[in-house]
file input_14.csv (CSV, C-alpha atoms)
chain,number,residue,atom,x,y,z
A,104,MET,CA,-32.7,-0.2,44.6
A,105,PHE,CA,-31.4,-1.4,41.2
A,106,ARG,CA,-31.1,2.2,39.8
A,107,ILE,CA,-27.4,2.8,40.9
A,108,PRO,CA,-26.0,-0.5,39.7
A,109,LEU,CA,-27.9,-0.1,36.4
A,110,LEU,CA,-26.4,3.4,35.9
A,111,VAL,CA,-22.9,2.1,36.7
A,112,ALA,CA,-23.3,-0.8,34.3
A,113,LEU,CA,-24.6,1.6,31.6
A,114,ALA,CA,-21.7,4.0,32.2
A,115,LEU,CA,-19.2,1.2,32.0
A,116,SER,CA,-20.6,-0.3,28.8
A,117,VAL,CA,-20.7,3.1,27.1
A,118,ALA,CA,-17.1,3.8,28.2
A,119,PHE,CA,-15.8,0.4,27.0
A,120,GLY,CA,-17.8,0.7,23.8
A,121,VAL,CA,-16.4,4.1,23.0
A,122,GLY,CA,-12.9,3.0,24.0
A,123,ILE,CA,-12.9,0.0,21.8
A,124,ALA,CA,-14.4,1.9,18.8
A,125,SER,CA,-11.8,4.6,19.1
A,126,ALA,CA,-9.0,2.0,19.2
A,127,VAL,CA,-10.3,0.2,16.2
A,128,SER,CA,-10.7,3.5,14.4
A,129,ALA,CA,-7.1,4.5,15.2
A,130,LEU,CA,-5.8,1.2,13.9
A,131,LYS,CA,-7.6,1.5,10.6
A,132,ALA,CA,-6.5,5.1,10.2
A,133,THR,CA,-2.7,4.6,10.4
A,134,VAL,CA,0.1,2.1,10.3
A,135,GLY,CA,2.0,4.1,12.8
A,136,PHE,CA,4.2,7.2,13.1
A,137,GLY,CA,7.3,8.0,11.2
A,138,ALA,CA,5.9,7.8,7.6
A,139,ILE,CA,8.2,8.8,4.8
A,140,ALA,CA,6.4,10.2,1.7
A,141,LEU,CA,8.2,10.3,-1.6
A,142,GLY,CA,5.6,11.8,-4.0
A,143,PRO,CA,2.5,9.6,-3.8
A,144,TRP,CA,4.5,6.7,-2.3
A,145,VAL,CA,4.4,6.3,1.5
A,146,ALA,CA,6.5,3.9,3.6
A,147,PHE,CA,6.8,3.2,7.3
A,148,PRO,CA,10.4,2.1,7.8
A,149,ASP,CA,10.1,1.7,11.6
A,150,ALA,CA,6.9,-0.4,11.4
A,151,GLN,CA,8.9,-3.6,10.9
A,152,THR,CA,11.6,-3.0,13.5
A,153,ALA,CA,11.8,-3.4,17.3
A,154,ASN,CA,11.6,0.4,17.5
A,155,ALA,CA,8.0,0.4,16.2
A,156,ASP,CA,5.5,2.6,18.1
A,157,PRO,CA,2.6,1.0,19.8
A,158,TYR,CA,0.2,1.8,17.0
A,159,ALA,CA,2.4,0.1,14.4
A,160,ARG,CA,2.7,-3.0,16.6
A,161,ALA,CA,-1.0,-3.1,17.2
A,162,HIS,CA,-1.7,-2.6,13.5
A,163,ARG,CA,0.7,-5.4,12.6
A,164,ALA,CA,-0.9,-7.7,15.2
A,165,ARG,CA,-4.4,-6.9,14.0
A,166,ALA,CA,-3.6,-7.5,10.3
A,167,GLY,CA,-1.7,-10.7,11.1
A,168,LYS,CA,1.0,-9.9,8.7
A,169,LEU,CA,4.7,-10.9,8.9
A,170,LEU,CA,6.5,-7.7,8.0
A,171,TYR,CA,10.1,-7.4,6.7
A,172,GLY,CA,13.0,-6.6,9.0
A,173,GLY,CA,14.9,-3.4,8.6
A,174,ALA,CA,17.6,-4.9,6.3
A,175,GLU,CA,15.2,-7.3,4.5
A,176,GLY,CA,12.9,-4.9,2.6
A,177,LEU,CA,10.7,-1.9,2.5
A,178,GLN,CA,7.1,-1.6,1.4
A,179,PHE,CA,5.7,1.5,-0.2
A,180,THR,CA,2.0,2.1,-0.9
A,181,ALA,CA,0.4,4.8,-3.1
A,182,ALA,CA,-3.3,5.6,-2.8
A,183,VAL,CA,-3.0,8.8,-5.0
A,184,ASP,CA,-1.4,9.7,-8.3
A,185,ASP,CA,1.3,12.3,-8.8
A,186,ALA,CA,-1.3,15.0,-9.1
A,187,GLY,CA,-2.8,14.1,-5.7
A,188,ALA,CA,-6.0,12.5,-7.0
A,189,LYS,CA,-7.2,9.3,-5.4
A,190,LEU,CA,-6.6,6.2,-7.5
A,191,SER,CA,-9.8,4.9,-9.0
A,192,ALA,CA,-10.4,1.8,-11.0
A,193,ALA,CA,-12.5,3.8,-13.4
A,194,CYS,CA,-9.3,5.4,-14.7
A,195,SER,CA,-6.1,4.3,-16.3
A,196,TYR,CA,-2.6,5.1,-15.0
A,197,ASP,CA,1.0,4.8,-16.2
A,198,ILE,CA,3.7,3.9,-13.7
A,199,THR,CA,6.9,5.2,-15.2
A,200,GLY,CA,10.6,5.4,-14.3
A,201,LEU,CA,12.9,3.3,-12.2
A,202,THR,CA,12.6,1.7,-8.8
A,203,PRO,CA,15.3,2.5,-6.1
A,204,PRO,CA,18.2,0.0,-5.9
A,205,ALA,CA,16.9,-3.4,-4.8
A,206,ARG,CA,17.8,-7.0,-5.6
A,207,PHE,CA,14.2,-7.8,-6.3
A,208,TRP,CA,10.9,-5.8,-6.2
A,209,THR,CA,7.2,-6.6,-6.6
A,210,LEU,CA,4.2,-4.4,-7.6
A,211,TYR,CA,0.5,-5.2,-7.2
A,212,ALA,CA,-2.8,-3.4,-6.7
A,213,ALA,CA,-4.8,-3.8,-3.5
A,214,ASN,CA,-8.1,-2.6,-2.2
A,215,GLU,CA,-8.4,-0.2,0.8
A,216,ASN,CA,-8.2,-3.2,3.2
A,217,ASP,CA,-4.8,-4.3,1.8
A,218,VAL,CA,-6.3,-7.3,0.0
A,219,ALA,CA,-4.6,-7.9,-3.3
A,220,LEU,CA,-6.9,-7.4,-6.3
A,221,ARG,CA,-7.4,-10.5,-8.4
A,222,PRO,CA,-9.3,-9.4,-11.5
A,223,GLY,CA,-9.2,-12.9,-13.1
A,224,PRO,CA,-7.2,-16.0,-13.2
A,225,GLU,CA,-5.7,-15.3,-16.6
A,226,LEU,CA,-5.1,-11.5,-16.2
A,227,PRO,CA,-1.8,-10.0,-15.0
A,228,SER,CA,-2.4,-8.9,-11.4
A,229,ALA,CA,1.2,-8.3,-10.3
A,230,PHE,CA,4.7,-7.5,-11.6
A,231,ASN,CA,8.2,-8.1,-10.4
A,232,ALA,CA,11.7,-7.1,-11.4
A,233,LEU,CA,12.2,-10.2,-13.5
A,234,MET,CA,9.1,-10.0,-15.7
A,235,VAL,CA,8.8,-6.3,-16.5
A,236,LEU,CA,9.6,-5.2,-20.0
A,237,ARG,CA,12.2,-2.4,-19.9
A,238,GLN,CA,13.3,0.4,-22.2
A,239,ALA,CA,16.9,0.9,-23.4
A,240,ASP,CA,17.7,3.0,-20.3
A,241,SER,CA,16.3,0.3,-17.9
A,242,SER,CA,13.3,2.4,-17.1
A,243,PHE,CA,9.8,0.9,-17.5
A,244,VAL,CA,6.2,1.8,-18.2
A,245,ILE,CA,3.5,-0.2,-16.5
A,246,HIS,CA,-0.1,0.5,-17.6
A,247,VAL,CA,-2.6,0.1,-14.8
A,248,SER,CA,-6.1,-0.3,-16.2
A,249,ALA,CA,-9.2,-2.4,-16.2
A,250,GLU,CA,-8.9,-2.5,-20.0
A,251,ALA,CA,-6.3,-4.5,-21.8
A,252,GLN,CA,-3.1,-2.6,-22.6
A,253,PRO,CA,0.0,-3.4,-24.7
A,254,ASP,CA,3.4,-4.3,-23.1
A,255,ASN,CA,3.3,-4.1,-19.3
A,256,TRP,CA,-0.3,-4.3,-18.2
A,257,LEU,CA,-1.4,-4.5,-14.5
A,258,ALA,CA,-5.1,-5.5,-14.6
A,259,ILE,CA,-7.4,-4.1,-12.0
A,260,ARG,CA,-11.2,-4.5,-11.3
A,261,GLN,CA,-13.5,-2.0,-13.0
A,262,ALA,CA,-14.9,-0.4,-9.9
A,263,GLY,CA,-13.8,1.2,-6.7
A,264,ALA,CA,-10.7,2.8,-5.2
A,265,PHE,CA,-7.4,1.0,-5.0
A,266,LYS,CA,-3.8,1.5,-4.0
A,267,LEU,CA,-0.5,0.3,-5.4
A,268,VAL,CA,1.9,-1.7,-3.3
A,269,LEU,CA,5.6,-1.6,-4.3
A,270,THR,CA,7.9,-3.9,-2.1
A,271,LEU,CA,11.6,-3.5,-2.4
A,272,LEU,CA,13.4,-6.7,-1.2
A,273,ASP,CA,17.1,-6.8,-0.1
A,274,THR,CA,17.6,-3.1,-0.7
A,275,PRO,CA,20.3,-1.0,0.9
A,276,THR,CA,17.7,1.8,1.3
A,277,ALA,CA,15.6,-0.1,3.9
A,278,GLY,CA,18.2,0.3,6.6
A,279,SER,CA,19.5,3.7,5.9
A,280,SER,CA,18.4,7.3,6.4
A,281,GLY,CA,19.0,8.0,2.7
A,282,VAL,CA,15.5,6.8,1.9
A,283,VAL,CA,14.3,10.4,1.6
A,284,ASP,CA,16.6,11.0,-1.4
A,285,LEU,CA,15.2,8.1,-3.5
A,286,THR,CA,13.5,8.6,-6.8
A,287,MET,CA,10.3,6.6,-7.0
A,288,PRO,CA,8.3,5.7,-10.1
A,289,LYS,CA,5.8,8.3,-11.2
A,290,ILE,CA,2.0,7.5,-11.3
A,291,VAL,CA,0.3,9.5,-14.0
A,292,LYS,CA,-3.4,9.3,-14.9
A,293,THR,CA,-3.8,8.7,-18.6
A,294,GLY,CA,-7.6,8.7,-18.8
A,295,CYS,CA,-10.9,7.9,-17.2
A,296,GLY,CA,-13.9,5.9,-18.6
A,297,ASP,CA,-14.6,6.5,-22.3
A,298,ALA,CA,-12.9,9.9,-22.3
call {"tool": "encode", "arguments": {"input": "input_14.csv", "output": "structure tokens"}}
result
Amino acid sequence: MFRIPLLVALALSVAFGVGIASAVSALKATVGFGAIALGPWVAFPDAQTANADPYARAHRARAGKLLYGGAEGLQFTAAVDDAGAKLSAACSYDITGLTPPARFWTLYAANENDVALRPGPELPSAFNALMVLRQADSSFVIHVSAEAQPDNWLAIRQAGAFKLVLTLLDTPTAGSSGVVDLTMPKIVKTGCGDA
């Protein structure tokens, strides 16, 4: 007598459970479609606009983030270095070169869940266009390491994977199709552990 309703309830609970799990997995896997990759740097220019696909909108709603409009800014992330190896806090890296044209930019390290890494209250955990030391040709070198470095040092924790987040604010490239012609800073591994 209760066999058929029990089987229907079991089938519905399995269907809903698998559906919810696959939706959460899809939201964790991508910010959306239309990614632009410039070396290790990846941006989703349409994720902030009214033309965003459903995955980008759901990702934005799930994260609870206020993203920049098309003409306000563009956020690039890098989870690998220029050689394609995953960024690891056990290694040190140099970010070298210039940023694309922007009135202001910020750079920080984040974990895989997009939470900014805070290695300590007195350690430098972020850089911006005003505080970076530049060379004579306006280029810069930022050392990303858990160990103290001279000049521009971006401190990270000593364990786990991380990614770099570069945000360009008030940039002409955010609203144009010329974003694929930009030259981004290079991310070069300089060593790992005691080696």
call {"tool": "atom_distance", "arguments": {"input": "input_14.csv", "atom1": "CA of Val268 in chain A", "atom2": "CA of Val183 in chain A"}}
result
11.7 Å
call {"tool": "closest_residue", "arguments": {"input": "input_14.csv", "among": "A:Ser128, A:Asn231, A:Asn255, A:Ala192", "to": "Cys295 in chain A", "atoms": "all atoms listed in the file"}}
result
A:Ala192
call {"tool": "residues_around", "arguments": {"input": "input_14.csv", "residues": "range 207-223 of chain A", "least_positions_apart": "5", "cutoff": "10 Å", "atoms": "only C-alpha atoms", "output": "VMD selection string"}}
result
chain A and resid 131 166 176 to 182 202 228 to 234 245 247 249 257 to 261 263 to 274
call {"tool": "atom_distance", "arguments": {"input": "input_14.csv", "atom1": "CA of Trp144 in chain A", "atom2": "CA of Lys289 in chain A"}}
result
9.1 Å
call {"tool": "atom_distance", "arguments": {"input": "input_14.csv", "atom1": "CA of Ala124 in chain A", "atom2": "CA of Ala138 in chain A"}}
result
23.9 Å
call {"tool": "closest_residue", "arguments": {"input": "input_14.csv", "among": "A:Ala126, A:Val291, A:Pro224, A:Ser116", "to": "Ala161 in chain A", "atoms": "all atoms listed in the file"}}
result
A:Ala126
